[in-house]
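Enquirer: Sharing final06.cif (mmCIF, C-alpha atoms) below.
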```
data_run
loop_
_atom_site.label_atom_id
_atom_site.label_comp_id
_atom_site.auth_asym_id
_atom_site.auth_seq_id
_atom_site.Cartn_x
_atom_site.Cartn_y
_atom_site.Cartn_z
CA MET A 5 207.70 144.07 -41.36
CA THR A 6 208.25 147.12 -39.13
CA SER A 7 211.72 148.40 -38.26
CA THR A 8 211.30 147.13 -34.68
CA GLU A 9 210.29 143.67 -35.90
CA LYS A 10 213.46 143.59 -38.03
CA GLU A 11 215.43 144.01 -34.81
CA THR A 12 213.60 141.39 -32.74
CA ARG A 13 213.95 138.73 -35.45
CA LEU A 14 217.64 138.67 -34.51
CA ALA A 15 216.56 136.70 -31.44
CA THR A 16 213.68 134.65 -32.88
CA GLU A 17 214.15 133.75 -36.56
CA ASP A 18 215.63 130.40 -37.70
CA LEU A 19 219.38 130.83 -37.24
CA GLY A 20 220.55 129.39 -40.56
CA LYS A 21 218.11 131.47 -42.56
CA LEU A 22 218.85 134.57 -40.49
CA MET A 23 222.64 134.26 -40.95
CA LEU A 24 222.19 134.07 -44.71
CA THR A 25 219.71 136.95 -44.70
CA MET A 26 222.06 139.13 -42.66
CA GLY A 27 225.43 137.92 -43.94
CA ILE A 28 224.96 137.66 -47.71
CA PRO A 29 223.90 141.29 -48.34
CA THR A 30 226.89 142.51 -46.29
CA PHE A 31 229.12 139.99 -48.08
CA ILE A 32 227.94 141.43 -51.40
CA ALA A 33 228.24 145.01 -50.13
CA GLN A 34 231.87 144.49 -49.09
CA LEU A 35 232.67 142.81 -52.40
CA ILE A 36 231.06 145.68 -54.26
CA ASN A 37 232.92 148.19 -52.12
CA LEU A 38 236.17 146.62 -53.29
CA LEU A 39 235.25 147.59 -56.82
CA TYR A 40 235.92 151.25 -56.07
CA ASN A 41 239.65 150.64 -56.00
CA ILE A 42 239.89 147.33 -57.88
CA VAL A 43 238.07 148.62 -60.96
CA ASP A 44 240.26 151.73 -60.94
CA ARG A 45 243.36 149.51 -60.95
CA MET A 46 242.01 147.34 -63.77
CA TYR A 47 241.21 150.30 -66.03
CA ILE A 48 244.31 152.28 -65.11
CA GLY A 49 246.57 149.27 -65.71
CA HIS A 50 245.32 149.19 -69.31
CA ILE A 51 246.07 152.84 -70.16
CA PRO A 52 248.02 152.67 -73.46
CA GLY A 53 251.73 153.33 -73.07
CA SER A 54 251.76 154.12 -69.34
CA GLY A 55 249.60 151.41 -67.80
CA ALA A 56 252.34 149.64 -65.81
CA ASN A 57 253.70 152.85 -64.24
CA ALA A 58 250.19 154.17 -63.61
CA LEU A 59 249.21 150.91 -61.88
CA THR A 60 252.30 151.13 -59.69
CA GLY A 61 251.41 154.78 -58.97
CA ILE A 62 247.94 153.93 -57.72
CA GLY A 63 249.46 151.11 -55.67
CA LEU A 64 251.62 153.69 -53.91
CA CYS A 65 248.44 155.51 -52.85
CA VAL A 66 247.03 152.38 -51.20
CA PRO A 67 248.55 153.04 -47.73
CA ILE A 68 246.84 156.44 -47.52
CA ILE A 69 243.57 155.15 -49.02
CA THR A 70 243.66 152.30 -46.49
CA LEU A 71 244.29 154.74 -43.65
CA VAL A 72 241.27 156.82 -44.68
CA ALA A 73 239.15 153.67 -44.61
CA ALA A 74 240.71 152.66 -41.28
CA PHE A 75 239.21 155.68 -39.50
CA ALA A 76 235.80 154.80 -40.93
CA GLN A 77 236.26 151.25 -39.60
CA PHE A 78 237.31 152.72 -36.26
CA VAL A 79 233.93 154.42 -35.89
CA GLY A 80 231.71 151.95 -37.74
CA ALA A 81 233.05 148.63 -36.47
CA GLY A 82 233.61 150.15 -33.02
CA GLY A 83 230.15 151.65 -32.62
CA ALA A 84 227.77 149.35 -34.50
CA PRO A 85 228.21 146.28 -32.19
CA LEU A 86 227.67 148.55 -29.18
CA ALA A 87 224.50 149.91 -30.77
CA SER A 88 223.27 146.35 -31.40
CA ILE A 89 223.98 145.35 -27.79
CA SER A 90 222.05 148.42 -26.59
CA LEU A 91 219.12 147.52 -28.84
CA GLY A 92 219.21 143.97 -27.42
CA LYS A 93 218.95 145.47 -23.93
CA GLY A 94 216.05 147.68 -25.05
CA ASP A 95 218.05 150.93 -24.64
CA ARG A 96 217.26 152.69 -27.94
CA GLU A 97 218.29 156.13 -26.69
CA ARG A 98 221.85 155.02 -26.01
CA ALA A 99 221.98 153.25 -29.39
CA GLU A 100 221.05 156.49 -31.16
CA LYS A 101 223.59 158.46 -29.11
CA ILE A 102 226.26 155.99 -30.25
CA LEU A 103 225.23 156.54 -33.89
CA ALA A 104 225.18 160.35 -33.59
CA ASN A 105 228.54 160.51 -31.79
CA GLY A 106 229.93 158.22 -34.48
CA LEU A 107 228.91 160.74 -37.15
CA THR A 108 230.60 163.55 -35.21
CA MET A 109 233.81 161.51 -35.05
CA LEU A 110 233.66 160.75 -38.79
CA ILE A 111 233.35 164.43 -39.71
CA PHE A 112 236.32 165.31 -37.50
CA PHE A 113 238.51 162.52 -38.90
CA ALA A 114 237.64 163.43 -42.51
CA ALA A 115 238.70 167.06 -42.08
CA LEU A 116 241.87 166.11 -40.20
CA MET A 117 243.03 163.54 -42.76
CA MET A 118 242.30 165.63 -45.84
CA ILE A 119 244.33 168.57 -44.55
CA THR A 120 247.17 166.45 -43.18
CA PHE A 121 247.70 164.31 -46.28
CA PHE A 122 247.60 167.29 -48.64
CA ILE A 123 250.52 168.73 -46.67
CA ILE A 124 252.65 165.57 -46.40
CA LYS A 125 251.72 163.58 -49.52
CA ARG A 126 254.98 164.12 -51.45
CA PRO A 127 257.42 162.82 -48.79
CA PHE A 128 254.97 160.06 -47.86
CA LEU A 129 254.67 158.78 -51.43
CA TYR A 130 258.46 158.59 -51.77
CA LEU A 131 258.59 156.88 -48.37
CA PHE A 132 256.07 154.33 -49.67
CA GLY A 133 258.39 153.37 -52.54
CA ALA A 134 257.72 155.93 -55.27
CA SER A 135 260.36 156.58 -57.91
CA ASP A 136 260.64 159.60 -60.19
CA ASN A 137 258.85 157.55 -62.86
CA THR A 138 255.85 156.63 -60.71
CA PHE A 139 255.43 159.66 -58.39
CA PRO A 140 253.56 161.85 -60.95
CA TYR A 141 250.86 159.18 -61.36
CA ALA A 142 250.47 158.65 -57.61
CA ASN A 143 250.32 162.40 -56.99
CA GLN A 144 247.65 162.97 -59.65
CA TYR A 145 245.39 160.25 -58.26
CA LEU A 146 245.81 161.09 -54.58
CA SER A 147 245.30 164.86 -54.99
CA ILE A 148 241.79 164.27 -56.33
CA TYR A 149 240.92 161.29 -54.09
CA LEU A 150 241.58 163.30 -50.90
CA LEU A 151 238.88 165.81 -51.87
CA GLY A 152 236.31 163.04 -51.34
CA THR A 153 237.53 161.98 -47.88
CA ILE A 154 234.27 163.01 -46.16
CA PHE A 155 232.27 160.82 -48.55
CA VAL A 156 234.47 157.77 -47.88
CA GLU A 157 234.13 158.28 -44.12
CA MET A 158 230.35 158.58 -44.21
CA THR A 159 229.78 155.69 -46.61
CA LEU A 160 232.01 153.17 -44.83
CA GLY A 161 231.54 154.46 -41.30
CA LEU A 162 227.74 154.81 -41.22
CA ASN A 163 226.81 151.76 -43.29
CA THR A 164 227.50 149.36 -40.42
CA TYR A 165 224.82 151.11 -38.34
CA ILE A 166 222.25 150.20 -40.98
CA SER A 167 223.15 146.51 -40.68
CA ALA A 168 223.18 146.84 -36.88
CA GLN A 169 219.43 147.52 -36.92
CA GLY A 170 218.72 144.39 -38.96
CA GLN A 171 218.56 145.98 -42.45
CA PRO A 172 221.58 144.65 -44.38
CA LYS A 173 219.85 144.93 -47.76
CA ILE A 174 219.61 148.70 -47.39
CA ALA A 175 223.29 148.80 -46.48
CA MET A 176 224.07 146.76 -49.59
CA ILE A 177 222.10 149.12 -51.83
CA SER A 178 224.02 152.14 -50.57
CA VAL A 179 227.30 150.54 -51.63
CA LEU A 180 225.84 149.20 -54.87
CA ILE A 181 224.83 152.69 -55.97
CA GLY A 182 228.39 153.95 -55.73
CA ALA A 183 229.98 150.87 -57.27
CA ILE A 184 227.75 150.84 -60.35
CA THR A 185 228.36 154.56 -60.82
CA ASN A 186 232.11 154.00 -60.56
CA ILE A 187 232.10 151.17 -63.11
CA ILE A 188 230.18 153.37 -65.56
CA LEU A 189 232.20 156.56 -65.03
CA ASP A 190 235.70 155.02 -64.97
CA PRO A 191 236.02 154.25 -68.70
CA ILE A 192 234.27 157.53 -69.58
CA PHE A 193 236.71 159.72 -67.65
CA ILE A 194 239.84 157.61 -68.20
CA PHE A 195 239.51 156.78 -71.90
CA LEU A 196 236.71 158.81 -73.50
CA PHE A 197 237.76 162.12 -71.90
CA HIS A 198 241.47 161.10 -72.05
CA MET A 199 241.98 162.03 -68.39
CA GLY A 200 244.02 158.94 -67.53
CA ILE A 201 244.65 158.28 -63.86
CA ARG A 202 242.99 161.59 -62.88
CA GLY A 203 239.78 160.35 -64.48
CA GLY A 204 239.80 157.26 -62.29
CA ALA A 205 240.08 159.42 -59.17
CA ILE A 206 237.25 161.74 -60.27
CA ALA A 207 234.97 158.77 -60.95
CA THR A 208 235.71 157.37 -57.48
CA VAL A 209 234.94 160.65 -55.68
CA ILE A 210 231.63 161.10 -57.50
CA SER A 211 230.64 157.51 -56.76
CA GLN A 212 231.48 157.77 -53.06
CA ALA A 213 229.50 161.02 -52.84
CA LEU A 214 226.36 159.30 -54.15
CA SER A 215 226.76 156.43 -51.67
CA ALA A 216 227.27 158.85 -48.78
CA CYS A 217 224.13 160.83 -49.68
CA TRP A 218 222.04 157.64 -49.83
CA THR A 219 223.37 156.40 -46.47
CA PHE A 220 222.80 159.72 -44.70
CA ARG A 221 219.33 160.08 -46.21
CA PHE A 222 218.26 156.65 -44.93
CA LEU A 223 219.62 157.20 -41.42
CA THR A 224 217.61 160.43 -41.09
CA SER A 225 214.39 158.95 -42.51
CA LYS A 226 211.40 157.25 -40.85
CA LYS A 227 212.40 153.96 -42.49
CA ALA A 228 215.31 153.64 -40.06
CA SER A 229 214.67 152.40 -36.53
CA LEU A 230 218.05 153.80 -35.49
CA ARG A 231 218.26 157.41 -36.66
CA ILE A 232 220.73 160.30 -36.63
CA LYS A 233 219.47 163.02 -34.31
CA LEU A 234 221.15 166.40 -34.18
CA ALA A 235 220.61 166.69 -30.41
CA TYR A 236 222.73 163.57 -29.83
CA MET A 237 225.70 164.72 -31.94
CA LYS A 238 227.27 166.65 -29.07
CA PRO A 239 230.40 164.66 -28.15
CA ASP A 240 229.82 162.36 -25.17
CA PRO A 241 233.21 161.34 -23.69
CA SER A 242 231.91 158.03 -22.31
CA ILE A 243 230.41 156.98 -25.66
CA ILE A 244 233.47 158.09 -27.63
CA LYS A 245 235.64 156.09 -25.22
CA SER A 246 233.46 152.99 -25.70
CA ILE A 247 233.53 153.31 -29.51
CA SER A 248 237.29 153.85 -29.43
CA SER A 249 237.95 150.86 -27.16
CA LEU A 250 236.19 148.47 -29.53
CA GLY A 251 237.09 150.27 -32.75
CA ILE A 252 240.84 150.23 -32.11
CA SER A 253 241.06 146.60 -33.27
CA PRO A 254 239.64 147.00 -36.81
CA PHE A 255 241.46 150.33 -37.03
CA PHE A 256 244.80 148.68 -36.41
CA MET A 257 243.89 145.83 -38.76
CA SER A 258 243.50 148.45 -41.49
CA ILE A 259 246.37 150.71 -40.50
CA THR A 260 248.78 147.79 -40.38
CA GLU A 261 247.77 147.05 -43.98
CA SER A 262 249.21 150.49 -44.79
CA LEU A 263 252.39 149.66 -42.90
CA ILE A 264 252.73 146.35 -44.73
CA THR A 265 252.21 148.01 -48.11
CA VAL A 266 255.04 150.43 -47.32
CA VAL A 267 257.37 147.59 -46.23
CA PHE A 268 256.44 145.51 -49.30
CA ASN A 269 256.84 148.39 -51.77
CA ARG A 270 260.21 149.46 -50.42
CA GLY A 271 261.44 145.86 -50.29
CA MET A 272 260.34 145.18 -53.85
CA LEU A 273 262.09 148.33 -55.05
CA LEU A 274 265.25 147.41 -53.11
CA TYR A 275 265.48 143.76 -54.19
CA GLY A 276 263.63 144.05 -57.51
CA ASN A 277 262.25 146.97 -59.55
CA ASP A 278 259.05 148.90 -60.35
CA LEU A 279 257.47 145.77 -61.88
CA TYR A 280 257.77 143.92 -58.57
CA VAL A 281 256.10 146.88 -56.83
CA GLY A 282 253.32 146.48 -59.40
CA SER A 283 253.07 142.76 -58.63
CA ILE A 284 252.45 143.50 -54.95
CA THR A 285 249.69 145.94 -55.94
CA ILE A 286 248.00 143.12 -57.89
CA LEU A 287 248.56 140.41 -55.25
CA GLN A 288 247.26 142.61 -52.45
CA SER A 289 244.21 143.28 -54.59
CA VAL A 290 243.66 139.52 -54.86
CA VAL A 291 244.02 139.15 -51.07
CA GLN A 292 241.43 141.90 -50.66
CA ILE A 293 239.08 140.06 -53.03
CA ILE A 294 239.41 136.95 -50.83
CA PHE A 295 239.41 138.60 -47.40
CA THR A 296 236.99 141.52 -47.70
CA PRO A 297 233.82 139.60 -48.68
CA ILE A 298 234.52 137.05 -45.90
CA GLN A 299 234.91 139.89 -43.43
CA GLY A 300 231.72 141.40 -44.85
CA PHE A 301 229.74 138.23 -44.20
CA ALA A 302 231.10 138.11 -40.64
CA GLN A 303 230.17 141.75 -40.07
CA GLY A 304 226.67 141.01 -41.34
CA VAL A 305 226.34 138.22 -38.78
CA GLN A 306 227.77 140.37 -35.96
CA PRO A 307 224.43 141.99 -35.03
CA ILE A 308 222.97 138.52 -34.37
CA ILE A 309 225.76 137.75 -31.91
CA SER A 310 225.73 141.22 -30.29
CA TYR A 311 221.93 141.48 -29.99
CA ASN A 312 221.60 138.05 -28.39
CA TYR A 313 224.61 138.70 -26.15
CA GLY A 314 222.85 141.85 -24.91
CA ALA A 315 219.65 139.82 -24.43
CA LYS A 316 221.66 137.10 -22.54
CA ASN A 317 220.64 134.39 -25.03
CA ILE A 318 224.01 132.60 -24.80
CA ASP A 319 223.03 129.35 -26.56
CA ARG A 320 222.11 131.33 -29.69
CA VAL A 321 225.36 133.30 -29.40
CA LYS A 322 227.43 130.09 -29.31
CA ALA A 323 225.56 128.48 -32.20
CA THR A 324 226.06 131.59 -34.35
CA CYS A 325 229.81 131.71 -33.59
CA ARG A 326 230.26 128.02 -34.52
CA ARG A 327 228.51 128.38 -37.83
CA LEU A 328 230.24 131.66 -38.65
CA ILE A 329 233.76 130.27 -38.19
CA SER A 330 232.94 127.18 -40.27
CA ILE A 331 231.63 129.33 -43.14
CA THR A 332 234.58 131.75 -43.13
CA LEU A 333 237.11 128.89 -43.11
CA VAL A 334 235.53 127.00 -46.02
CA THR A 335 235.11 130.19 -48.05
CA SER A 336 238.69 131.41 -47.54
CA ALA A 337 240.07 128.01 -48.54
CA ALA A 338 237.94 127.80 -51.69
CA LEU A 339 238.64 131.36 -52.88
CA SER A 340 242.39 131.10 -52.19
CA LEU A 341 242.74 127.85 -54.15
CA LEU A 342 240.82 129.32 -57.09
CA ALA A 343 243.05 132.41 -57.07
CA MET A 344 246.18 130.25 -57.14
CA VAL A 345 244.92 128.08 -60.00
CA PHE A 346 243.86 131.05 -62.15
CA SER A 347 246.66 133.43 -61.10
CA ALA A 348 247.75 134.38 -64.63
CA GLN A 349 244.19 135.08 -65.76
CA ILE A 350 243.56 137.26 -62.71
CA ALA A 351 246.79 139.21 -63.24
CA SER A 352 245.83 139.87 -66.86
CA LEU A 353 242.75 141.74 -65.60
CA PHE A 354 245.10 144.34 -64.13
CA THR A 355 247.82 144.57 -66.79
CA THR A 356 248.82 143.58 -70.31
CA ASP A 357 252.54 143.54 -69.47
CA PRO A 358 253.69 139.90 -70.02
CA GLU A 359 256.62 140.22 -67.60
CA LEU A 360 254.39 141.51 -64.81
CA ILE A 361 251.86 138.72 -65.45
CA ALA A 362 254.66 136.13 -65.27
CA ILE A 363 255.86 137.53 -61.92
CA CYS A 364 252.34 137.37 -60.48
CA LYS A 365 251.80 133.83 -61.72
CA THR A 366 254.97 132.54 -60.06
CA SER A 367 254.65 134.41 -56.77
CA SER A 368 250.90 134.09 -56.14
CA ARG A 369 251.08 130.36 -55.38
CA VAL A 370 253.37 131.17 -52.47
CA PHE A 371 251.86 134.50 -51.42
CA LEU A 372 248.27 133.19 -51.13
CA LEU A 373 248.98 129.87 -49.42
CA GLY A 374 248.30 131.09 -45.88
CA MET A 375 244.95 132.58 -46.91
CA THR A 376 243.57 129.04 -47.26
CA ILE A 377 243.13 128.84 -43.46
CA PHE A 378 242.85 132.54 -42.67
CA GLY A 379 239.06 132.20 -42.46
CA ILE A 380 239.62 130.86 -38.93
CA GLN A 381 241.02 134.19 -37.77
CA SER A 382 238.44 136.20 -39.67
CA GLY A 383 235.52 134.37 -38.04
CA CYS A 384 237.07 134.34 -34.56
CA GLN A 385 238.14 137.98 -34.61
CA GLN A 386 234.76 139.23 -35.78
CA SER A 387 233.16 137.13 -33.01
CA PHE A 388 235.44 138.79 -30.46
CA MET A 389 234.29 142.16 -31.82
CA ALA A 390 230.62 141.21 -31.63
CA LEU A 391 231.07 140.10 -27.99
CA SER A 392 232.80 143.40 -27.09
CA GLN A 393 236.10 141.63 -26.37
CA ALA A 394 238.17 144.66 -27.37
CA LYS A 395 241.52 143.58 -25.92
CA LYS A 396 241.52 140.17 -27.61
CA ALA A 397 240.44 141.61 -30.96
CA PHE A 398 243.09 144.32 -30.68
CA PHE A 399 245.88 141.85 -29.89
CA PHE A 400 245.21 139.73 -32.96
CA ALA A 401 244.98 142.82 -35.14
CA LEU A 402 248.58 143.54 -34.10
CA PHE A 403 249.80 139.95 -33.94
CA ARG A 404 249.41 139.03 -37.60
CA LYS A 405 250.84 142.16 -39.17
CA VAL A 406 253.05 144.01 -36.70
CA ILE A 407 254.46 141.17 -34.60
CA LEU A 408 254.81 138.60 -37.40
CA LEU A 409 254.61 139.99 -40.93
CA VAL A 410 256.64 143.22 -40.67
CA PRO A 411 259.72 141.53 -39.13
CA LEU A 412 259.45 138.57 -41.54
CA ALA A 413 259.12 140.88 -44.56
CA LEU A 414 262.33 142.65 -43.49
CA ILE A 415 264.34 139.60 -42.39
CA LEU A 416 263.52 136.95 -45.03
CA PRO A 417 264.52 138.96 -48.14
CA ALA A 418 267.74 140.00 -46.38
CA ILE A 419 268.52 136.31 -45.77
CA THR A 420 267.53 135.09 -49.24
CA HIS A 421 268.82 138.23 -51.02
CA SER A 422 265.72 138.14 -53.23
CA VAL A 423 262.14 139.36 -53.47
CA MET A 424 260.93 135.79 -52.85
CA GLY A 425 261.61 136.31 -49.15
CA ILE A 426 258.92 139.02 -49.13
CA TYR A 427 256.42 136.75 -50.86
CA ILE A 428 257.11 133.95 -48.32
CA ALA A 429 256.59 136.24 -45.31
CA GLU A 430 252.86 136.62 -46.04
CA PRO A 431 251.72 132.94 -45.82
CA VAL A 432 253.92 132.22 -42.80
CA SER A 433 252.35 135.05 -40.78
CA ASP A 434 248.82 134.27 -42.01
CA ALA A 435 249.02 130.61 -40.95
CA ILE A 436 250.59 131.19 -37.52
CA SER A 437 248.16 134.00 -36.68
CA ALA A 438 245.08 132.02 -37.74
CA ILE A 439 246.05 129.00 -35.64
CA VAL A 440 246.83 131.03 -32.49
CA CYS A 441 243.65 133.12 -32.85
CA GLY A 442 241.55 129.98 -33.30
CA MET A 443 243.00 128.35 -30.19
CA THR A 444 242.42 131.51 -28.13
CA PHE A 445 238.81 131.82 -29.25
CA TYR A 446 238.13 128.14 -28.51
CA HIS A 447 239.29 128.66 -24.90
CA PHE A 448 237.13 131.80 -24.57
CA TYR A 449 234.13 130.08 -26.17
CA LYS A 450 234.11 127.40 -23.47
CA THR A 451 233.81 130.08 -20.77
CA LEU A 452 230.75 131.81 -22.26
#
```
Could you spell out this file's structure in structure tokens?
Expert:
Amino acid sequence: MTSTEKETRLATEDLGKLMLTMGIPTFIAQLINLLYNIVDRMYIGHIPGSGANALTGIGLCVPIITLVAAFAQFVGAGGAPLASISLGKGDRERAEKILANGLTMLIFFAALMMITFFIIKRPFLYLFGASDNTFPYANQYLSIYLLGTIFVEMTLGLNTYISAQGQPKIAMISVLIGAITNIILDPIFIFLFHMGIRGGAIATVISQALSACWTFRFLTSKKASLRIKLAYMKPDPSIIKSISSLGISPFFMSITESLITVVFNRGMLLYGNDLYVGSITILQSVVQIIFTPIQGFAQGVQPIISYNYGAKNIDRVKATCRRLISITLVTSAALSLLAMVFSAQIASLFTTDPELIAICKTSSRVFLLGMTIFGIQSGCQQSFMALSQAKKAFFFALFRKVILLVPLALILPAITHSVMGIYIAEPVSDAISAIVCGMTFYHFYKTL
């Protein structure tokens, strides 16, 4: 099958088969991508003698790591649907200009963030909830991780453009290369070379570098139907504006995760102790395990919606949206229930501390409750993105975290005078946001 045929099948192939073909590789790719940080946390949490503090230290780095990924999402999730819509309209030149301008933006963001965070990392880590016991671990990890910022931006930001041209398996392989490398190198650097938390960071940077090289090599090869061309990398204000308008929603979804981590960490330190900060690191990892693969499947299906929307095949657009939301809802419910049932076993993957495991076991059954229906919002929001409904997608990115969760995470523990108020804030905001987003999308769907 030629690269052009892989594009046109988005409009012609059996929809059920096509959704699985497009969605499952991206689902797997996103799940694998999680392993970069999740595997680090698992290994680091088991460092003899300092595992609990080291795990908390890496948790303190999460807001900055999330922010780095947010800029990649800004460019990737903002530009890839636009490229798919252009391909659906038959405008390949504009699609390639979107890709090339996206690369220019990624290079700029990588340089800006690496320099900025090296300058402000100490006050930021203390702002995020670091104590004198945990700061050295966070500082060691972050100092090395920031050196690989360009690799993170290229891997996460460019990979969506591979899926946008109907080649999700290639996108999956690029992530798989880095993840397997990371799994192999982590125990070597952390335990064999006795480098501790620094070893985990080095393994991550090397792994991301390999993924970035693979992704860039494919997008400049003849195997890609949508290629990076140097002539198109000159910044085009109209294209950058279009990418930014659509990319602002996933960007704020990611950046608000950083904000929430800061609020959670500081609240846990205020009403609890370092162990409770560690529990949030574990529980947020579990939420990522549930949410990220679902989001990955939805992103894999996005090109089907965008391509057919550009081709004005509205019946196929509607059918894809219906099936997508049903799949994301069922999956989020199933994964959340499993995580609640096996909460202690999951926590033990991250730590051997019995007190920390006990905290996670008790709190997870509250913390994860709202995730059982969050698949509604995931499916609806990704559909808004695919249909270039930037304002709606942006609103719901803010609604769940900024409008609901941040105030609740500040108010509820103050009322209850305990950390349980923080745990309760998460499911309340998840449930309300999912229901409102679902109702809004249903009204929009009827107008298509």
Enquirer: Any idea what the distance is between atom CA of Ile426 of chain A and atom CA of Ile286 of chain A?
Expert: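 A separation of 14.6 Å between them.
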Enquirer: Please, what is the axis-aligned box for every listed atom of segment 19-23 of chain A with 5 Å on each side, as centre and edge lengths in Å to one decimal, as AutoDock Vina command-line options?
Expert:
```
--center_x 220.4 --center_y 132.0 --center_z -39.9 --size_x 14.5 --size_y 15.2 --size_z 15.3
```
Enquirer: Which residues come within 12 Å of segment 328-332 of chain A, counting all atoms listed in the file, excluding same-chain residues fewer than 2 positions away, as a PDB file with C-alpha atoms, keeping the file's coordinate frame?
Expert:
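Output file selection.pdb follows:
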```pdb
ATOM      1  CA  LEU A  19     219.380 130.830 -37.240  1.00  0.00           C
ATOM      2  CA  GLY A  20     220.550 129.390 -40.560  1.00  0.00           C
ATOM      3  CA  LEU A  22     218.850 134.570 -40.490  1.00  0.00           C
ATOM      4  CA  MET A  23     222.640 134.260 -40.950  1.00  0.00           C
ATOM      5  CA  LEU A  24     222.190 134.070 -44.710  1.00  0.00           C
ATOM      6  CA  MET A  26     222.060 139.130 -42.660  1.00  0.00           C
ATOM      7  CA  GLY A  27     225.430 137.920 -43.940  1.00  0.00           C
ATOM      8  CA  ILE A  28     224.960 137.660 -47.710  1.00  0.00           C
ATOM      9  CA  PHE A  31     229.120 139.990 -48.080  1.00  0.00           C
ATOM     10  CA  ILE A 294     239.410 136.950 -50.830  1.00  0.00           C
ATOM     11  CA  PHE A 295     239.410 138.600 -47.400  1.00  0.00           C
ATOM     12  CA  THR A 296     236.990 141.520 -47.700  1.00  0.00           C
ATOM     13  CA  PRO A 297     233.820 139.600 -48.680  1.00  0.00           C
ATOM     14  CA  ILE A 298     234.520 137.050 -45.900  1.00  0.00           C
ATOM     15  CA  GLN A 299     234.910 139.890 -43.430  1.00  0.00           C
ATOM     16  CA  GLY A 300     231.720 141.400 -44.850  1.00  0.00           C
ATOM     17  CA  PHE A 301     229.740 138.230 -44.200  1.00  0.00           C
ATOM     18  CA  ALA A 302     231.100 138.110 -40.640  1.00  0.00           C
ATOM     19  CA  GLN A 303     230.170 141.750 -40.070  1.00  0.00           C
ATOM     20  CA  GLY A 304     226.670 141.010 -41.340  1.00  0.00           C
ATOM     21  CA  VAL A 305     226.340 138.220 -38.780  1.00  0.00           C
ATOM     22  CA  GLN A 306     227.770 140.370 -35.960  1.00  0.00           C
ATOM     23  CA  ILE A 308     222.970 138.520 -34.370  1.00  0.00           C
ATOM     24  CA  ILE A 309     225.760 137.750 -31.910  1.00  0.00           C
ATOM     25  CA  VAL A 321     225.360 133.300 -29.400  1.00  0.00           C
ATOM     26  CA  LYS A 322     227.430 130.090 -29.310  1.00  0.00           C
ATOM     27  CA  ALA A 323     225.560 128.480 -32.200  1.00  0.00           C
ATOM     28  CA  THR A 324     226.060 131.590 -34.350  1.00  0.00           C
ATOM     29  CA  CYS A 325     229.810 131.710 -33.590  1.00  0.00           C
ATOM     30  CA  ARG A 326     230.260 128.020 -34.520  1.00  0.00           C
ATOM     31  CA  VAL A 334     235.530 127.000 -46.020  1.00  0.00           C
ATOM     32  CA  THR A 335     235.110 130.190 -48.050  1.00  0.00           C
ATOM     33  CA  SER A 336     238.690 131.410 -47.540  1.00  0.00           C
ATOM     34  CA  ALA A 337     240.070 128.010 -48.540  1.00  0.00           C
ATOM     35  CA  ALA A 338     237.940 127.800 -51.690  1.00  0.00           C
ATOM     36  CA  LEU A 339     238.640 131.360 -52.880  1.00  0.00           C
ATOM     37  CA  SER A 340     242.390 131.100 -52.190  1.00  0.00           C
ATOM     38  CA  MET A 375     244.950 132.580 -46.910  1.00  0.00           C
ATOM     39  CA  THR A 376     243.570 129.040 -47.260  1.00  0.00           C
ATOM     40  CA  ILE A 377     243.130 128.840 -43.460  1.00  0.00           C
ATOM     41  CA  PHE A 378     242.850 132.540 -42.670  1.00  0.00           C
ATOM     42  CA  GLY A 379     239.060 132.200 -42.460  1.00  0.00           C
ATOM     43  CA  ILE A 380     239.620 130.860 -38.930  1.00  0.00           C
ATOM     44  CA  GLN A 381     241.020 134.190 -37.770  1.00  0.00           C
ATOM     45  CA  SER A 382     238.440 136.200 -39.670  1.00  0.00           C
ATOM     46  CA  GLY A 383     235.520 134.370 -38.040  1.00  0.00           C
ATOM     47  CA  CYS A 384     237.070 134.340 -34.560  1.00  0.00           C
ATOM     48  CA  GLN A 385     238.140 137.980 -34.610  1.00  0.00           C
ATOM     49  CA  GLN A 386     234.760 139.230 -35.780  1.00  0.00           C
ATOM     50  CA  SER A 387     233.160 137.130 -33.010  1.00  0.00           C
ATOM     51  CA  PHE A 388     235.440 138.790 -30.460  1.00  0.00           C
ATOM     52  CA  ALA A 390     230.620 141.210 -31.630  1.00  0.00           C
ATOM     53  CA  ALA A 438     245.080 132.020 -37.740  1.00  0.00           C
ATOM     54  CA  CYS A 441     243.650 133.120 -32.850  1.00  0.00           C
ATOM     55  CA  GLY A 442     241.550 129.980 -33.300  1.00  0.00           C
ATOM     56  CA  PHE A 445     238.810 131.820 -29.250  1.00  0.00           C
ATOM     57  CA  TYR A 446     238.130 128.140 -28.510  1.00  0.00           C
TER      58      TYR A 446
END
```
Enquirer: Could you tell me, as a PyMOL selection string, exactly which residues end up selected when the PyMOL selection byres ((chain A and resi 135) around 12) is applied to this structure?
Expert: chain A and resi 57-58+60-61+64+126-134+136-143+269-270+273-274+277-279+281
Enquirer: Can you translate the PyMOL selection byres ((chain A and resi 373) around 9) into the concrete residues it hits in this file, as a list in words?
Expert: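 After applying the PyMOL selection byres ((chain A and resi 373) around 9), what remains is Ser340, Leu341, Met344, Ser368, Arg369, Val370, Phe371, Leu372, Gly374, Met375, Thr376, Ile377, Glu430, Pro431, Val432, Asp434 and Ala435 of chain A.
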Enquirer: Between A:Ala207, A:Leu223, A:Ile181, A:Met237, single out the one closest to Lys101 of chain A, counting all atoms listed in the file.
Expert: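 Smallest distance to Lys101 of chain A is found for A:Met237.
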